[in-house]
Amino acid sequence: MMNLRQLRYFCEVADAGTLARAAERLFVAPTAISMQITQLEASVGGALFDRSAKPMTLTPLGLYVLPRA
């Protein structure tokens with residue numbers, strides 16, 4: 001089940017481009033963001049970010065979810 005924190009973290013990572021930068025903006029640990037994103041991905045049934053790219057890029061699913069978040 002997704003929650004508002006997961007959606008907030010997802011939007012921040014999409015805007016910041018990296019977990020580290022998003023963590024700095026949100027004043028939380030990068031691991032906390034990573035865990036929340038992983039749980040959100042489990043809820044929506046797929047990867048939201050291409051983690052092999054630097055900065056991370058949104059997958060097609062991520063591009064679909066972002067305006068709805």
# chains A, B, ... in the order shown; residues from 1 in each chain; ligands from 1
>>> residues_around(residues="Arg25 in chain A", least_positions_apart="6", cutoff="12 Å", atoms="only C-alpha atoms", output="PyMOL selection string")
chain A and resi 8-9+11-13+15-19+33
>>> residues_around(residues="Leu48 in chain A", least_positions_apart="2", cutoff="8 Å", atoms="only C-alpha atoms", output="MDAnalysis selection string")
chainID A and resid 41 46 50 58:63
>>> atom_distance(atom1="CA of Gln36 in chain A", atom2="CA of Gln6 in chain A")
5.3 Å
>>> select_by_dssp(residues="chain A", states="strand (DSSP E or B)", output="list in words")
Phe49, Asp50, Thr57 and Leu58 of chain A
>>> closest_residue(among="A:Ala32, A:Leu26, A:Arg21, A:Met2", to="Met56 in chain A", atoms="only C-alpha atoms")
A:Arg21
>>> atom_distance(atom1="CA of Ala47 in chain A", atom2="CA of Ser34 in chain A")
12.2 Å
